[in-house]
$ cat input.pdb   # PDB, C-alpha atoms
MODEL        1
ATOM      1  CA  MET L   9      10.969  -2.028  25.517  1.00  0.00           C
ATOM      2  CA  LYS L  10      13.345   0.039  27.585  1.00  0.00           C
ATOM      3  CA  ASP L  11      13.694   3.771  27.965  1.00  0.00           C
ATOM      4  CA  THR L  12      16.974   4.325  29.765  1.00  0.00           C
ATOM      5  CA  PHE L  13      18.667   7.400  31.243  1.00  0.00           C
ATOM      6  CA  GLN L  14      20.875   7.351  28.134  1.00  0.00           C
ATOM      7  CA  HIS L  15      17.815   7.536  25.874  1.00  0.00           C
ATOM      8  CA  LYS L  16      16.387  10.394  27.950  1.00  0.00           C
ATOM      9  CA  GLY L  17      19.690  12.241  27.733  1.00  0.00           C
ATOM     10  CA  MET L  18      19.742  11.811  23.953  1.00  0.00           C
ATOM     11  CA  ARG L  19      16.185  13.161  23.780  1.00  0.00           C
ATOM     12  CA  LYS L  20      17.182  16.191  25.836  1.00  0.00           C
ATOM     13  CA  LYS L  21      19.954  16.924  23.307  1.00  0.00           C
ATOM     14  CA  LEU L  22      17.485  16.449  20.432  1.00  0.00           C
ATOM     15  CA  VAL L  23      15.127  18.998  22.007  1.00  0.00           C
ATOM     16  CA  GLU L  24      18.054  21.432  22.363  1.00  0.00           C
ATOM     17  CA  THR L  25      18.824  20.909  18.647  1.00  0.00           C
ATOM     18  CA  LEU L  26      15.191  21.672  17.728  1.00  0.00           C
ATOM     19  CA  VAL L  27      15.268  24.870  19.797  1.00  0.00           C
ATOM     20  CA  ARG L  28      18.445  25.969  17.966  1.00  0.00           C
ATOM     21  CA  LYS L  29      16.674  25.294  14.655  1.00  0.00           C
ATOM     22  CA  GLY L  30      13.797  27.577  15.602  1.00  0.00           C
ATOM     23  CA  ILE L  31      11.128  25.421  17.274  1.00  0.00           C
ATOM     24  CA  SER L  32       9.667  27.519  20.086  1.00  0.00           C
ATOM     25  CA  ASN L  33       6.350  25.874  21.078  1.00  0.00           C
ATOM     26  CA  ALA L  34       6.943  24.582  24.613  1.00  0.00           C
ATOM     27  CA  ASP L  35       4.211  21.913  24.373  1.00  0.00           C
ATOM     28  CA  VAL L  36       5.688  20.494  21.149  1.00  0.00           C
ATOM     29  CA  LEU L  37       9.194  20.409  22.639  1.00  0.00           C
ATOM     30  CA  ALA L  38       7.922  18.770  25.839  1.00  0.00           C
ATOM     31  CA  ALA L  39       6.100  16.054  23.865  1.00  0.00           C
ATOM     32  CA  ILE L  40       9.202  15.252  21.808  1.00  0.00           C
ATOM     33  CA  GLY L  41      11.220  15.223  25.009  1.00  0.00           C
ATOM     34  CA  ARG L  42       8.921  12.604  26.533  1.00  0.00           C
ATOM     35  CA  ILE L  43       8.342  10.184  23.634  1.00  0.00           C
ATOM     36  CA  PRO L  44      10.851   7.326  23.175  1.00  0.00           C
ATOM     37  CA  ARG L  45      11.459   7.746  19.424  1.00  0.00           C
ATOM     38  CA  HIS L  46      13.684   4.646  19.423  1.00  0.00           C
ATOM     39  CA  TRP L  47      10.581   2.516  20.071  1.00  0.00           C
ATOM     40  CA  PHE L  48       9.335   3.490  16.594  1.00  0.00           C
ATOM     41  CA  MET L  49      12.460   2.170  14.837  1.00  0.00           C
ATOM     42  CA  ASP L  50      14.078  -1.231  14.356  1.00  0.00           C
ATOM     43  CA  SER L  51      16.355  -2.068  17.281  1.00  0.00           C
ATOM     44  CA  GLY L  52      19.417  -2.087  15.026  1.00  0.00           C
ATOM     45  CA  PHE L  53      18.987   1.624  14.344  1.00  0.00           C
ATOM     46  CA  ILE L  54      18.580   2.937  17.885  1.00  0.00           C
ATOM     47  CA  ASP L  55      21.755   5.026  17.532  1.00  0.00           C
ATOM     48  CA  HIS L  56      19.934   6.987  14.823  1.00  0.00           C
ATOM     49  CA  ALA L  57      16.755   7.551  16.842  1.00  0.00           C
ATOM     50  CA  TYR L  58      17.752  10.902  18.325  1.00  0.00           C
ATOM     51  CA  VAL L  59      19.609  12.328  15.343  1.00  0.00           C
ATOM     52  CA  ASP L  60      17.571  15.033  13.595  1.00  0.00           C
ATOM     53  CA  LYS L  61      17.112  13.027  10.396  1.00  0.00           C
ATOM     54  CA  ALA L  62      14.395  11.014   8.668  1.00  0.00           C
ATOM     55  CA  PHE L  63      14.941   7.259   8.654  1.00  0.00           C
ATOM     56  CA  PRO L  64      13.549   4.346   6.580  1.00  0.00           C
ATOM     57  CA  ILE L  65      10.804   2.146   8.067  1.00  0.00           C
ATOM     58  CA  ALA L  66       8.604  -0.571   6.539  1.00  0.00           C
ATOM     59  CA  ALA L  67       6.812  -0.366   3.157  1.00  0.00           C
ATOM     60  CA  ASP L  68       9.347   2.065   1.616  1.00  0.00           C
ATOM     61  CA  GLN L  69       8.205   4.799   3.998  1.00  0.00           C
ATOM     62  CA  THR L  70      10.173   6.895   6.518  1.00  0.00           C
ATOM     63  CA  ILE L  71       9.868   8.097  10.081  1.00  0.00           C
ATOM     64  CA  SER L  72       9.987  11.867   9.578  1.00  0.00           C
ATOM     65  CA  GLN L  73      12.842  14.058  10.722  1.00  0.00           C
ATOM     66  CA  PRO L  74      12.107  15.284  14.286  1.00  0.00           C
ATOM     67  CA  PHE L  75      12.389  18.914  13.117  1.00  0.00           C
ATOM     68  CA  THR L  76       9.722  18.257  10.482  1.00  0.00           C
ATOM     69  CA  VAL L  77       7.394  16.647  13.035  1.00  0.00           C
ATOM     70  CA  ALA L  78       7.940  19.550  15.425  1.00  0.00           C
ATOM     71  CA  ARG L  79       7.461  22.193  12.714  1.00  0.00           C
ATOM     72  CA  GLN L  80       4.253  20.701  11.343  1.00  0.00           C
ATOM     73  CA  THR L  81       2.829  20.268  14.842  1.00  0.00           C
ATOM     74  CA  GLU L  82       3.783  23.829  15.757  1.00  0.00           C
ATOM     75  CA  LEU L  83       2.124  25.141  12.586  1.00  0.00           C
ATOM     76  CA  LEU L  84      -1.159  23.449  13.520  1.00  0.00           C
ATOM     77  CA  ALA L  85      -1.270  25.907  16.462  1.00  0.00           C
ATOM     78  CA  LEU L  86      -3.754  23.857  18.509  1.00  0.00           C
ATOM     79  CA  LEU L  87      -4.603  23.445  22.187  1.00  0.00           C
ATOM     80  CA  PRO L  88      -5.249  20.175  24.068  1.00  0.00           C
ATOM     81  CA  GLY L  89      -8.595  18.593  23.193  1.00  0.00           C
ATOM     82  CA  ALA L  90      -8.537  19.816  19.585  1.00  0.00           C
ATOM     83  CA  LYS L  91      -9.932  17.407  17.003  1.00  0.00           C
ATOM     84  CA  VAL L  92      -7.150  16.586  14.546  1.00  0.00           C
ATOM     85  CA  LEU L  93      -7.076  14.533  11.347  1.00  0.00           C
ATOM     86  CA  GLU L  94      -3.684  13.064  10.420  1.00  0.00           C
ATOM     87  CA  ILE L  95      -3.150  11.862   6.848  1.00  0.00           C
ATOM     88  CA  GLY L  96      -0.384   9.231   6.860  1.00  0.00           C
ATOM     89  CA  THR L  97      -0.034   7.437  10.193  1.00  0.00           C
ATOM     90  CA  GLY L  98       3.248   5.832   9.140  1.00  0.00           C
ATOM     91  CA  SER L  99       5.335   4.684  12.111  1.00  0.00           C
ATOM     92  CA  GLY L 100       2.937   6.403  14.503  1.00  0.00           C
ATOM     93  CA  TYR L 101       5.549   8.857  15.817  1.00  0.00           C
ATOM     94  CA  GLN L 102       3.703  11.992  14.662  1.00  0.00           C
ATOM     95  CA  SER L 103       0.492  10.459  16.043  1.00  0.00           C
ATOM     96  CA  ALA L 104       2.196   9.963  19.405  1.00  0.00           C
ATOM     97  CA  VAL L 105       3.324  13.600  19.492  1.00  0.00           C
ATOM     98  CA  LEU L 106      -0.236  14.812  18.868  1.00  0.00           C
ATOM     99  CA  LEU L 107      -1.685  12.400  21.444  1.00  0.00           C
ATOM    100  CA  GLU L 108       1.005  13.336  23.983  1.00  0.00           C
ATOM    101  CA  MET L 109      -0.174  16.936  23.554  1.00  0.00           C
ATOM    102  CA  GLY L 110      -3.748  15.922  24.376  1.00  0.00           C
ATOM    103  CA  MET L 111      -5.283  16.055  20.896  1.00  0.00           C
ATOM    104  CA  THR L 112      -8.321  13.991  19.883  1.00  0.00           C
ATOM    105  CA  LEU L 113      -6.765  12.189  16.941  1.00  0.00           C
ATOM    106  CA  PHE L 114      -8.229  10.591  13.831  1.00  0.00           C
ATOM    107  CA  THR L 115      -5.540   9.085  11.593  1.00  0.00           C
ATOM    108  CA  ILE L 116      -5.529   7.438   8.144  1.00  0.00           C
ATOM    109  CA  GLU L 117      -2.868   5.133   6.652  1.00  0.00           C
ATOM    110  CA  ARG L 118      -2.800   3.952   3.014  1.00  0.00           C
ATOM    111  CA  GLN L 119      -0.135   1.234   3.385  1.00  0.00           C
ATOM    112  CA  ASN L 120      -1.777  -1.916   4.763  1.00  0.00           C
ATOM    113  CA  GLU L 121       1.488  -3.294   6.195  1.00  0.00           C
ATOM    114  CA  LEU L 122       2.083  -0.107   8.190  1.00  0.00           C
ATOM    115  CA  PHE L 123      -1.567   0.209   9.185  1.00  0.00           C
ATOM    116  CA  LYS L 124      -1.622  -3.274  10.729  1.00  0.00           C
ATOM    117  CA  LYS L 125       1.670  -2.763  12.548  1.00  0.00           C
ATOM    118  CA  THR L 126       0.940   0.719  13.920  1.00  0.00           C
ATOM    119  CA  ASN L 127      -2.677  -0.083  14.790  1.00  0.00           C
ATOM    120  CA  LEU L 128      -1.343  -2.683  17.247  1.00  0.00           C
ATOM    121  CA  PHE L 129       1.760  -0.778  18.333  1.00  0.00           C
ATOM    122  CA  LEU L 130       0.346   2.624  19.384  1.00  0.00           C
ATOM    123  CA  PRO L 131      -2.120   1.270  21.998  1.00  0.00           C
ATOM    124  CA  LYS L 132       0.582  -1.110  23.259  1.00  0.00           C
ATOM    125  CA  ILE L 133       2.753   1.877  24.263  1.00  0.00           C
ATOM    126  CA  GLY L 134      -0.176   3.854  25.665  1.00  0.00           C
ATOM    127  CA  TYR L 135      -1.256   6.023  22.703  1.00  0.00           C
ATOM    128  CA  ARG L 136      -4.851   5.597  21.581  1.00  0.00           C
ATOM    129  CA  PRO L 137      -6.190   7.534  18.598  1.00  0.00           C
ATOM    130  CA  LYS L 138      -9.942   8.112  18.567  1.00  0.00           C
ATOM    131  CA  LYS L 139      -9.947   6.275  15.220  1.00  0.00           C
ATOM    132  CA  MET L 140      -7.231   4.726  13.073  1.00  0.00           C
ATOM    133  CA  ILE L 141      -8.399   3.957   9.556  1.00  0.00           C
ATOM    134  CA  PHE L 142      -6.953   2.067   6.595  1.00  0.00           C
ATOM    135  CA  GLY L 143      -7.943   4.182   3.618  1.00  0.00           C
ATOM    136  CA  ASP L 144      -7.315   6.944   1.085  1.00  0.00           C
ATOM    137  CA  GLY L 145      -6.030  10.091   2.775  1.00  0.00           C
ATOM    138  CA  TYR L 146      -6.940  12.257  -0.226  1.00  0.00           C
ATOM    139  CA  LYS L 147     -10.600  11.779   0.743  1.00  0.00           C
ATOM    140  CA  GLY L 148     -10.134  12.659   4.412  1.00  0.00           C
ATOM    141  CA  LEU L 149     -12.879  11.584   6.824  1.00  0.00           C
ATOM    142  CA  PRO L 150     -16.032  13.455   5.808  1.00  0.00           C
ATOM    143  CA  ASN L 151     -18.225  11.564   8.290  1.00  0.00           C
ATOM    144  CA  GLU L 152     -16.096  12.878  11.187  1.00  0.00           C
ATOM    145  CA  ALA L 153     -15.633  16.436   9.861  1.00  0.00           C
ATOM    146  CA  PRO L 154     -15.220  19.274  10.550  1.00  0.00           C
ATOM    147  CA  PHE L 155     -11.775  19.216  12.190  1.00  0.00           C
ATOM    148  CA  ASP L 156      -9.859  21.801  14.232  1.00  0.00           C
ATOM    149  CA  GLY L 157      -6.736  20.928  12.245  1.00  0.00           C
ATOM    150  CA  ILE L 158      -5.543  18.562   9.508  1.00  0.00           C
ATOM    151  CA  ILE L 159      -1.912  17.473   9.127  1.00  0.00           C
ATOM    152  CA  VAL L 160      -0.561  15.676   6.055  1.00  0.00           C
ATOM    153  CA  THR L 161       2.669  13.752   6.651  1.00  0.00           C
ATOM    154  CA  ALA L 162       3.511  12.887   3.017  1.00  0.00           C
ATOM    155  CA  GLY L 163       4.253  14.966  -0.052  1.00  0.00           C
ATOM    156  CA  ALA L 164       1.111  15.910  -1.975  1.00  0.00           C
ATOM    157  CA  PRO L 165       1.393  16.900  -5.654  1.00  0.00           C
ATOM    158  CA  TYR L 166      -1.743  18.997  -5.192  1.00  0.00           C
ATOM    159  CA  VAL L 167      -3.988  20.119  -2.337  1.00  0.00           C
ATOM    160  CA  PRO L 168      -7.014  17.798  -1.984  1.00  0.00           C
ATOM    161  CA  LYS L 169     -10.174  19.907  -1.982  1.00  0.00           C
ATOM    162  CA  ALA L 170     -11.822  17.304   0.276  1.00  0.00           C
ATOM    163  CA  LEU L 171      -9.376  18.177   3.055  1.00  0.00           C
ATOM    164  CA  LEU L 172      -9.991  21.915   2.777  1.00  0.00           C
ATOM    165  CA  ALA L 173     -13.741  21.231   2.920  1.00  0.00           C
ATOM    166  CA  GLN L 174     -13.324  19.305   6.187  1.00  0.00           C
ATOM    167  CA  LEU L 175     -11.843  22.227   8.177  1.00  0.00           C
ATOM    168  CA  HIS L 176     -13.733  24.290  10.726  1.00  0.00           C
ATOM    169  CA  VAL L 177     -13.691  28.023  10.035  1.00  0.00           C
ATOM    170  CA  GLY L 178     -10.486  29.182  11.720  1.00  0.00           C
ATOM    171  CA  ALA L 179      -8.841  25.739  11.395  1.00  0.00           C
ATOM    172  CA  ARG L 180      -5.596  24.961   9.568  1.00  0.00           C
ATOM    173  CA  LEU L 181      -4.476  22.384   7.008  1.00  0.00           C
ATOM    174  CA  VAL L 182      -0.696  21.804   7.233  1.00  0.00           C
ATOM    175  CA  ILE L 183       0.443  20.084   4.031  1.00  0.00           C
ATOM    176  CA  PRO L 184       3.741  19.671   2.132  1.00  0.00           C
ATOM    177  CA  VAL L 185       2.925  20.434  -1.517  1.00  0.00           C
ATOM    178  CA  GLY L 186       5.085  19.438  -4.481  1.00  0.00           C
ATOM    179  CA  ASP L 187       6.660  16.527  -6.341  1.00  0.00           C
ATOM    180  CA  GLU L 188      10.447  16.123  -5.870  1.00  0.00           C
ATOM    181  CA  VAL L 189      10.675  18.828  -3.205  1.00  0.00           C
ATOM    182  CA  GLN L 190       7.693  20.049  -1.198  1.00  0.00           C
ATOM    183  CA  ILE L 191       6.823  23.490   0.128  1.00  0.00           C
ATOM    184  CA  MET L 192       5.348  23.344   3.628  1.00  0.00           C
ATOM    185  CA  THR L 193       2.014  25.099   3.148  1.00  0.00           C
ATOM    186  CA  VAL L 194      -0.625  26.178   5.668  1.00  0.00           C
ATOM    187  CA  PHE L 195      -4.203  26.894   4.611  1.00  0.00           C
ATOM    188  CA  THR L 196      -6.372  28.658   7.204  1.00  0.00           C
ATOM    189  CA  ARG L 197     -10.111  28.561   6.596  1.00  0.00           C
ATOM    190  CA  LYS L 198     -11.468  32.112   6.873  1.00  0.00           C
ATOM    191  CA  SER L 199     -15.050  31.416   5.767  1.00  0.00           C
ATOM    192  CA  ALA L 200     -17.120  28.847   3.898  1.00  0.00           C
ATOM    193  CA  THR L 201     -15.333  29.740   0.655  1.00  0.00           C
ATOM    194  CA  GLU L 202     -12.210  31.711   1.651  1.00  0.00           C
ATOM    195  CA  PHE L 203      -8.786  30.310   2.625  1.00  0.00           C
ATOM    196  CA  GLU L 204      -5.574  32.088   3.578  1.00  0.00           C
ATOM    197  CA  LYS L 205      -2.365  30.468   2.289  1.00  0.00           C
ATOM    198  CA  GLU L 206       1.095  30.745   3.888  1.00  0.00           C
ATOM    199  CA  THR L 207       4.339  28.915   3.016  1.00  0.00           C
ATOM    200  CA  TYR L 208       7.197  27.842   5.284  1.00  0.00           C
ATOM    201  CA  GLY L 209      10.093  26.639   3.145  1.00  0.00           C
ATOM    202  CA  GLU L 210      11.244  23.447   1.453  1.00  0.00           C
ATOM    203  CA  PHE L 211      10.985  19.924   2.867  1.00  0.00           C
ATOM    204  CA  ARG L 212      11.318  16.394   1.476  1.00  0.00           C
ATOM    205  CA  PHE L 213       8.638  13.771   2.097  1.00  0.00           C
ATOM    206  CA  VAL L 214       7.720  10.375   0.691  1.00  0.00           C
ATOM    207  CA  PRO L 215       4.746  10.769  -1.711  1.00  0.00           C
ATOM    208  CA  LEU L 216       1.159  10.752  -0.509  1.00  0.00           C
ATOM    209  CA  LEU L 217      -0.483   7.696  -2.062  1.00  0.00           C
ATOM    210  CA  GLU L 218      -3.863   8.004  -3.714  1.00  0.00           C
ATOM    211  CA  ASP L 219      -6.254   5.087  -4.132  1.00  0.00           C
ATOM    212  CA  LYS L 220      -6.425   4.615  -7.895  1.00  0.00           C
ATOM    213  CA  ASN L 221      -9.086   1.898  -7.811  1.00  0.00           C
TER     214      ASN L 221
ENDMDL
END
$ encode --input "input.pdb" --output "structure tokens"
Amino acid sequence: MKDTFQHKGMRKKLVETLVRKGISNADVLAAIGRIPRHWFMDSGFIDHAYVDKAFPIAADQTISQPFTVARQTELLALLPGAKVLEIGTGSGYQSAVLLEMGMTLFTIERQNELFKKTNLFLPKIGYRPKKMIFGDGYKGLPNEAPFDGIIVTAGAPYVPKALLAQLHVGARLVIPVGDEVQIMTVFTRKSATEFEKETYGEFRFVPLLEDKN
């Protein structure tokens, strides 16, 4: 897998696009500027890798739009070493951004095809989550809780109470909530029973899959 001067130049332009769209966190921008996004896509689509758009991957899923990845990561508002739970590993691109920023990452994927592929791929390119799990993201990871932040990378029709319960006091859940169109929503845990809710506009995600068995 190559990462050429051309790729690096395209990434630089992508970062400039994200800045124009309002991303201001220097650590997020630096991570996106370093990660070869084209490695996460089929070779035939490399020309699309540094366009600010979502793109189809395996199992009817997508690699999220770079702006969406940057915005969600920025909204987590975490420092290196923070313990993060990611719901929806997908291609592994969002995982790579969090790991590039020095997070301790736990990540769950519901699609077995994607789980197997990404579980092999991330370590191969130097990104090693603390744990990568095949399972139901609605349940979170109670045995590893509490977390400093939880990020959901698929559209959730409702907010899973299990995820709220797995936050530290002061920690944030960043989750797109809705059916056809999602509202990016941030819940900050203020106490054992109190949460502050903020919203950050409309986004479109593939649906978060729940284990119905």
$ resolve_selection --input "input.pdb" --expression "the PyMOL selection byres ((chain L and resi 72-84) around 6)" --output "VMD selection string"
chain L and resid 60 to 62 70 to 71 85 to 86
$ closest_residue --input "input.pdb" --among "L:Gly110, L:Gly89, L:Gly143, L:Gly100" --to "L:Asn127" --atoms "only C-alpha atoms"
L:Gly100
$ resolve_selection --input "input.pdb" --expression "the PyMOL selection byres ((chain L and resi 12-20) around 9)" --output "VMD selection string"
chain L and resid 10 to 11 21 to 25 40 to 46 57 to 59
$ atom_distance --input "input.pdb" --atom1 "atom CA of L:Phe123" --atom2 "atom CA of L:Phe142"
6.3 Å
$ resolve_selection --input "input.pdb" --expression "the PyMOL selection byres ((chain L and resi 146-159) around 6)" --output "list in words"
Ala90, Lys91, Val92, Leu93, Glu94, Asp144, Gly145, Val160, Pro168, Ala170, Leu171, Gln174, Leu175, His176, Ala179, Arg180, Leu181 and Val182 of chain L
$ atom_distance --input "input.pdb" --atom1 "atom CA of L:Thr196" --atom2 "atom CA of L:Leu87"
16.0 Å
$ closest_residue --input "input.pdb" --among "L:Gln69, L:Thr207, L:Thr201, L:Thr161" --to "L:Gln119" --atoms "all atoms listed in the file"
L:Gln69
$ atom_distance --input "input.pdb" --atom1 "atom CA of L:Phe203" --atom2 "atom CA of L:Leu172"
8.5 Å
$ closest_residue --input "input.pdb" --among "L:Phe114, L:Tyr101, L:Tyr135, L:Phe195" --to "L:Val177" --atoms "all atoms listed in the file"
L:Phe195
$ residues_near_point --input "input.pdb" --point "(-6.1, 8.9, 15.9)" --cutoff "7 Å" --atoms "only C-alpha atoms" --output "PDB file with C-alpha atoms, in the frame of the given file"
ATOM      1  CA  SER L 103       0.492  10.459  16.043  1.00  0.00           C
ATOM      2  CA  THR L 112      -8.321  13.991  19.883  1.00  0.00           C
ATOM      3  CA  LEU L 113      -6.765  12.189  16.941  1.00  0.00           C
ATOM      4  CA  PHE L 114      -8.229  10.591  13.831  1.00  0.00           C
ATOM      5  CA  THR L 115      -5.540   9.085  11.593  1.00  0.00           C
ATOM      6  CA  ARG L 136      -4.851   5.597  21.581  1.00  0.00           C
ATOM      7  CA  PRO L 137      -6.190   7.534  18.598  1.00  0.00           C
ATOM      8  CA  LYS L 138      -9.942   8.112  18.567  1.00  0.00           C
ATOM      9  CA  LYS L 139      -9.947   6.275  15.220  1.00  0.00           C
ATOM     10  CA  MET L 140      -7.231   4.726  13.073  1.00  0.00           C
TER      11      MET L 140
END
$ closest_residue --input "input.pdb" --among "L:Met111, L:Pro165, L:Ala173, L:Lys205" --to "L:Gln190" --atoms "all atoms listed in the file"
L:Pro165
$ residues_around --input "input.pdb" --residues "L:Met192" --least-positions-apart "5" --cutoff "7 Å" --atoms "only C-alpha atoms" --output "list in words"
Ile183, Pro184, Val185, Thr207, Tyr208, Gly209, Glu210 and Phe211 of chain L
$ closest_residue --input "input.pdb" --among "L:Pro131, L:Ala200, L:Leu216, L:Ile141" --to "L:Tyr166" --atoms "only C-alpha atoms"
L:Leu216
$ closest_residue --input "input.pdb" --among "L:Leu122, L:Met49, L:Val36, L:Ala164" --to "L:Met109" --atoms "only C-alpha atoms"
L:Val36
$ axis_aligned_box --input "input.pdb" --around "stretch 154-164 of chain L" --padding-each-side "6 Å" --output "AutoDock Vina command-line options"
--center_x -5.5 --center_y 17.3 --center_z 6.1 --size_x 31.5 --size_y 20.9 --size_z 28.2
